[in-house]
Amino acid sequence: MLKFSFTSFFFLICSFFFTPNNELELKPPNIIFFFVDDMGWQDTSLPFHVEVTKLNKQYHTPHMERLAQKGMKFTQAYAAAVCSPTRVSLMTGINASRHRVTNWTLFKNQSTETNHPSLLRPNWNLNGLSSIPNSPKTFYAKTLPQYLQSSGYTTIHVGKAHFGAKGTLGENPLNLGFDVNIAGHAAGGPGSYLAKHHFSAQWRNGMDVWDVPGLDKFYGTDIYLTEALTIEAKQAIEHAVQINKPFYLYMSHYAVHAPWEPDKRFYQKYIDAGLSEFDATFASMLEGMDQSLGDIMDHLKELGIEENTIIVFMSDNGSPRQTARNIPLRGFKLTPYEGGIRVPMIVKWPGVVNENSQTNQPIIIEDIFPSFLEMAGLEQQIPTSIDGISFVPILKGEKSVSSDRSFIWHFPNLYDTFPYSSIRRGPWKLIYHHTDQKFELFNLEKDLSESKNLTESNPTKTFELAMILSDYLERVSAPMPLYQTSKKPVPYPKAALVQ
């Protein structure tokens with residue numbers, strides 16, 4: 001009869017649980033945040049509405065469909081209405097009204113705003129996100145990749161950064177917690193998507209601020225920027241696997257932001273389908289982005305890490321005004337309406353998220369921060385001071401978002417639209433216009449197109465939401481535009497109601 005000592009038994013058990021076959025169960029999950037620029041809620045063949053729309057039939061994004069079949073689709077995901085505020089909220093878990101990076105950034109100490117007939121720009125953090133405290137006109141916080149980095153993750157940035165203005169520390173992702181930076185800098189768009197133009201706008205307008213850095217190896221070829229970034233991302237993933245470390249990949253595509261240049265791999269099929277040159281160009285850029293998603297998903301499978309890798313797909317704001325409207329949504333990028341802030345989102349988490357599932361629970365961009373920390377097993381490190389709330393319980397089917405949670409948007413800036421603040425609470429949404437201190441009230445469950453202003457027919461709800469919005473803006477000292485004549489700030493909603 002064989003006899004085992006306690007020590008022998010202990011080592012036998014350990015050898016079972018620590019064999020290579022169980023390695024995936026022991027390592028923290030890899031996390032990929034696949035972030036698209038300027039992609040609207042309906043700019044995909046994957047429906048996020050209750051019915052298939054015209055744009056769903058016009059575009060072709062099979063890999064988004066594939067991802068959704070393996071994960072959960074969020075039909076009411078929100079971002080800020082413009083890029084830099086969204087990206088700083090992602091990195092910090094803080095709402096834009098508090099971090100005060102309320103508009104897009106570019107040059108140090110220079111506003112990107114335009115003149116307004118009656119208002120002056122607010123005192124916002126126009127230099128963006130900072131890696132050191134007390135930097136002028138910046139917001140400082142420990143960032144999401146810094147938390148992951150300090151816990152053993154390899155942190156990889158690929159594509160658009162747009163966290164800080166040119167000439168500041170925040171323009172370089174390496175200063176914000178990333179171990180690797182591929183093609184990220186201060187600008188919010190590429191000079192060109194074409195390698196034959198060196199991904200530069202200098203051939204077009206002589207400006208080099210938009211030049212995508214670090215991709216010299218592709219110069220003079222026929223490669224498209226989206227594909228070049230995908231090649232680089234796949235190599236970075238391979239390196240993380242080789243050194244046997246979990247990784248966080250921030251796959252932040254410049255697509256489908258302007259300049260709109262056709263991805264020749266997919267362009268002709270849309271021309272043949274009868275689309276205009278512009279619509280075919282935009283459609284080809286969307287499909288090129290989708291191909292990147294598919295290529296990365298395939299690469300994960302080839303490397304044997306598919307089952308231990310979380311993929312979250314999202315866009316940074318709605319589609320721009322030049323593109324086809326995302327009907328039934330009203331509005332577009334920069335506006336407070338659903339077309340400017342409601343975005344596509346999908347989460348694939350093998351073994352946790354039910355395949356081919358869907359949630360109508362609303363979430364917002366600052367929720368990514370605590371959710372990723374919880375996914376990485378770092379829930380104890382989530383700061384109590386942030387605005388974001390983890391949506392991991394939704395992914396696990398444990399609970400829903402509280403119906404009395406308030407979602408806040410704040411754009412006090414004077415750029416390409418009117419300045420505003422807005423709030424959603426349950427099905428109700430209130431927009432406060434800074435220029436004339438007027439309100440719009442909508443019930444999104446009954447009026448997704450925001451076509452019926454209910455302020456007069458429901459003054460009680462208008463007052464209730466205005467008070468909640470005003471109290472929050474006052475509490476965080478949210479910046480407001482100034483009157484040109486008096487140099488005083490536009491009042492918060494509460495004061496506007498009693499005028």
# chains A, B, ... in the order shown; residues from 1 in each chain; ligands from 1
call {"tool": "select_by_dssp", "arguments": {"residues": "range 371-446 of chain A", "states": "strand (DSSP E or B)", "output": "list in words"}}
result
Ser406, Phe407, Ile408, Trp409, His410, Phe411, Tyr420, Ser421, Ser422, Ile423, Arg424, Arg425, Trp428, Lys429, Leu430, Ile431, Tyr432, His433, Lys438, Phe439, Glu440, Leu441, Phe442 and Asn443 of chain A
call {"tool": "write_last_selection", "arguments": {"atoms": "N, CA, C and O atoms", "output": "compact mmCIF listing (two decimals), in the first residue's frame"}}
result
# COMPACT_ATOMS: atom_id res chain seq x y z
N SER A 406 -27.70 59.78 -11.69
CA SER A 406 -27.67 60.90 -12.62
C SER A 406 -26.45 60.81 -13.53
O SER A 406 -25.34 60.56 -13.06
N PHE A 407 -26.66 61.01 -14.82
CA PHE A 407 -25.58 61.09 -15.79
C PHE A 407 -25.46 62.54 -16.22
O PHE A 407 -26.45 63.16 -16.63
N ILE A 408 -24.24 63.08 -16.15
CA ILE A 408 -24.02 64.51 -16.37
C ILE A 408 -23.12 64.74 -17.58
O ILE A 408 -22.11 64.07 -17.76
N TRP A 409 -23.48 65.74 -18.41
CA TRP A 409 -22.63 66.23 -19.48
C TRP A 409 -22.48 67.74 -19.33
O TRP A 409 -23.42 68.43 -18.95
N HIS A 410 -21.28 68.23 -19.63
CA HIS A 410 -21.03 69.66 -19.44
C HIS A 410 -20.09 70.15 -20.54
O HIS A 410 -18.93 69.71 -20.63
N PHE A 411 -20.60 71.04 -21.37
CA PHE A 411 -19.81 71.61 -22.47
C PHE A 411 -20.02 73.13 -22.46
O PHE A 411 -20.91 73.64 -23.16
N TYR A 420 -23.61 74.18 -23.23
CA TYR A 420 -24.74 73.56 -22.53
C TYR A 420 -24.26 72.72 -21.36
O TYR A 420 -23.08 72.37 -21.24
N SER A 421 -25.21 72.37 -20.51
CA SER A 421 -25.06 71.31 -19.51
C SER A 421 -26.31 70.44 -19.63
O SER A 421 -27.39 70.93 -19.98
N SER A 422 -26.17 69.15 -19.35
CA SER A 422 -27.34 68.28 -19.45
C SER A 422 -27.25 67.16 -18.43
O SER A 422 -26.18 66.84 -17.91
N ILE A 423 -28.41 66.56 -18.17
CA ILE A 423 -28.51 65.49 -17.19
C ILE A 423 -29.51 64.45 -17.69
O ILE A 423 -30.55 64.79 -18.26
N ARG A 424 -29.19 63.18 -17.48
CA ARG A 424 -30.16 62.11 -17.68
C ARG A 424 -30.35 61.40 -16.34
O ARG A 424 -29.39 61.08 -15.64
N ARG A 425 -31.61 61.13 -16.01
CA ARG A 425 -31.95 60.42 -14.78
C ARG A 425 -33.17 59.55 -15.08
O ARG A 425 -34.26 60.09 -15.34
N TRP A 428 -35.63 60.32 -18.15
CA TRP A 428 -35.74 61.76 -18.35
C TRP A 428 -34.39 62.40 -18.64
O TRP A 428 -33.38 62.07 -18.03
N LYS A 429 -34.41 63.36 -19.55
CA LYS A 429 -33.19 64.09 -19.91
C LYS A 429 -33.50 65.58 -20.02
O LYS A 429 -34.46 65.99 -20.69
N LEU A 430 -32.68 66.37 -19.36
CA LEU A 430 -32.84 67.82 -19.36
C LEU A 430 -31.57 68.46 -19.93
O LEU A 430 -30.45 68.10 -19.54
N ILE A 431 -31.76 69.41 -20.85
CA ILE A 431 -30.64 70.17 -21.43
C ILE A 431 -30.80 71.63 -21.04
O ILE A 431 -31.87 72.21 -21.20
N TYR A 432 -29.71 72.19 -20.52
CA TYR A 432 -29.69 73.61 -20.14
C TYR A 432 -28.78 74.35 -21.11
O TYR A 432 -27.59 74.08 -21.20
N HIS A 433 -29.35 75.29 -21.86
CA HIS A 433 -28.61 76.06 -22.84
C HIS A 433 -28.01 77.31 -22.18
O HIS A 433 -28.74 78.14 -21.65
N LYS A 438 -32.26 78.70 -21.50
CA LYS A 438 -33.48 77.96 -21.76
C LYS A 438 -33.25 76.46 -21.51
O LYS A 438 -32.12 75.99 -21.49
N PHE A 439 -34.37 75.74 -21.33
CA PHE A 439 -34.30 74.32 -21.03
C PHE A 439 -35.04 73.51 -22.08
O PHE A 439 -36.00 73.98 -22.70
N GLU A 440 -34.59 72.27 -22.25
CA GLU A 440 -35.33 71.27 -23.03
C GLU A 440 -35.44 70.01 -22.18
O GLU A 440 -34.46 69.56 -21.58
N LEU A 441 -36.64 69.44 -22.13
CA LEU A 441 -36.91 68.23 -21.36
C LEU A 441 -37.46 67.16 -22.29
O LEU A 441 -38.40 67.42 -23.05
N PHE A 442 -36.88 65.95 -22.21
CA PHE A 442 -37.32 64.86 -23.06
C PHE A 442 -37.49 63.59 -22.23
O PHE A 442 -36.80 63.38 -21.23
N ASN A 443 -38.43 62.76 -22.68
CA ASN A 443 -38.58 61.42 -22.12
C ASN A 443 -38.04 60.44 -23.17
O ASN A 443 -38.69 60.19 -24.18
call {"tool": "residues_around", "arguments": {"residues": "Gln110 in chain A", "least_positions_apart": "3", "cutoff": "8 Å", "atoms": "only C-alpha atoms", "output": "MDAnalysis selection string"}}
result
chainID A and resid 106:107 126:127
call {"tool": "residues_around", "arguments": {"residues": "Thr105 in chain A", "least_positions_apart": "5", "cutoff": "7 Å", "atoms": "only C-alpha atoms", "output": "VMD selection string"}}
result
chain A and resid 84 112 126 to 128 164 to 165
call {"tool": "write_last_selection", "arguments": {"atoms": "N, CA and C atoms", "output": "mmCIF file, in the first residue's frame"}}
result
data_model
loop_
_atom_site.group_PDB
_atom_site.id
_atom_site.type_symbol
_atom_site.label_atom_id
_atom_site.label_comp_id
_atom_site.auth_asym_id
_atom_site.auth_seq_id
_atom_site.Cartn_x
_atom_site.Cartn_y
_atom_site.Cartn_z
ATOM 1 N N SER A 84 -11.440 64.851 -26.318
ATOM 2 C CA SER A 84 -10.571 64.992 -25.143
ATOM 3 C C SER A 84 -11.311 64.806 -23.818
ATOM 4 N N THR A 112 -8.968 76.126 -28.132
ATOM 5 C CA THR A 112 -9.415 75.703 -29.463
ATOM 6 C C THR A 112 -10.767 76.308 -29.826
ATOM 7 N N LEU A 126 -7.429 73.693 -20.614
ATOM 8 C CA LEU A 126 -7.152 73.558 -22.036
ATOM 9 C C LEU A 126 -5.828 72.860 -22.341
ATOM 10 N N ASN A 127 -5.025 72.557 -21.294
ATOM 11 C CA ASN A 127 -3.797 71.785 -21.509
ATOM 12 C C ASN A 127 -4.000 70.293 -21.284
ATOM 13 N N GLY A 128 -5.203 69.904 -20.849
ATOM 14 C CA GLY A 128 -5.520 68.491 -20.759
ATOM 15 C C GLY A 128 -5.097 67.823 -19.467
ATOM 16 N N GLY A 164 -3.238 65.351 -23.730
ATOM 17 C CA GLY A 164 -2.664 66.616 -23.303
ATOM 18 C C GLY A 164 -2.172 67.423 -24.488
ATOM 19 N N ALA A 165 -2.086 68.736 -24.298
ATOM 20 C CA ALA A 165 -1.711 69.645 -25.377
ATOM 21 C C ALA A 165 -0.245 69.486 -25.769
#
call {"tool": "closest_residue", "arguments": {"among": "A:Leu194, A:Ala233, A:Ser130, A:Ser451", "to": "Asn181 in chain A", "atoms": "only C-alpha atoms"}}
result
A:Ala233
call {"tool": "atom_distance", "arguments": {"atom1": "CA of Trp41 in chain A", "atom2": "CA of Ser357 in chain A"}}
result
17.7 Å
call {"tool": "atom_distance", "arguments": {"atom1": "CA of Val212 in chain A", "atom2": "CA of Tyr270 in chain A"}}
result
27.4 Å
call {"tool": "residues_around", "arguments": {"residues": "range 475-484 of chain A", "least_positions_apart": "4", "cutoff": "8 Å", "atoms": "only C-alpha atoms", "output": "list in words"}}
result
Ser97, Arg98, Arg100, Ser118, Leu119, Leu120, Arg121, Pro122, Asn123, Trp124, Pro412, Asn413, Pro419, His434, Asp471, Lys488, Pro489, Val490 and Pro491 of chain A
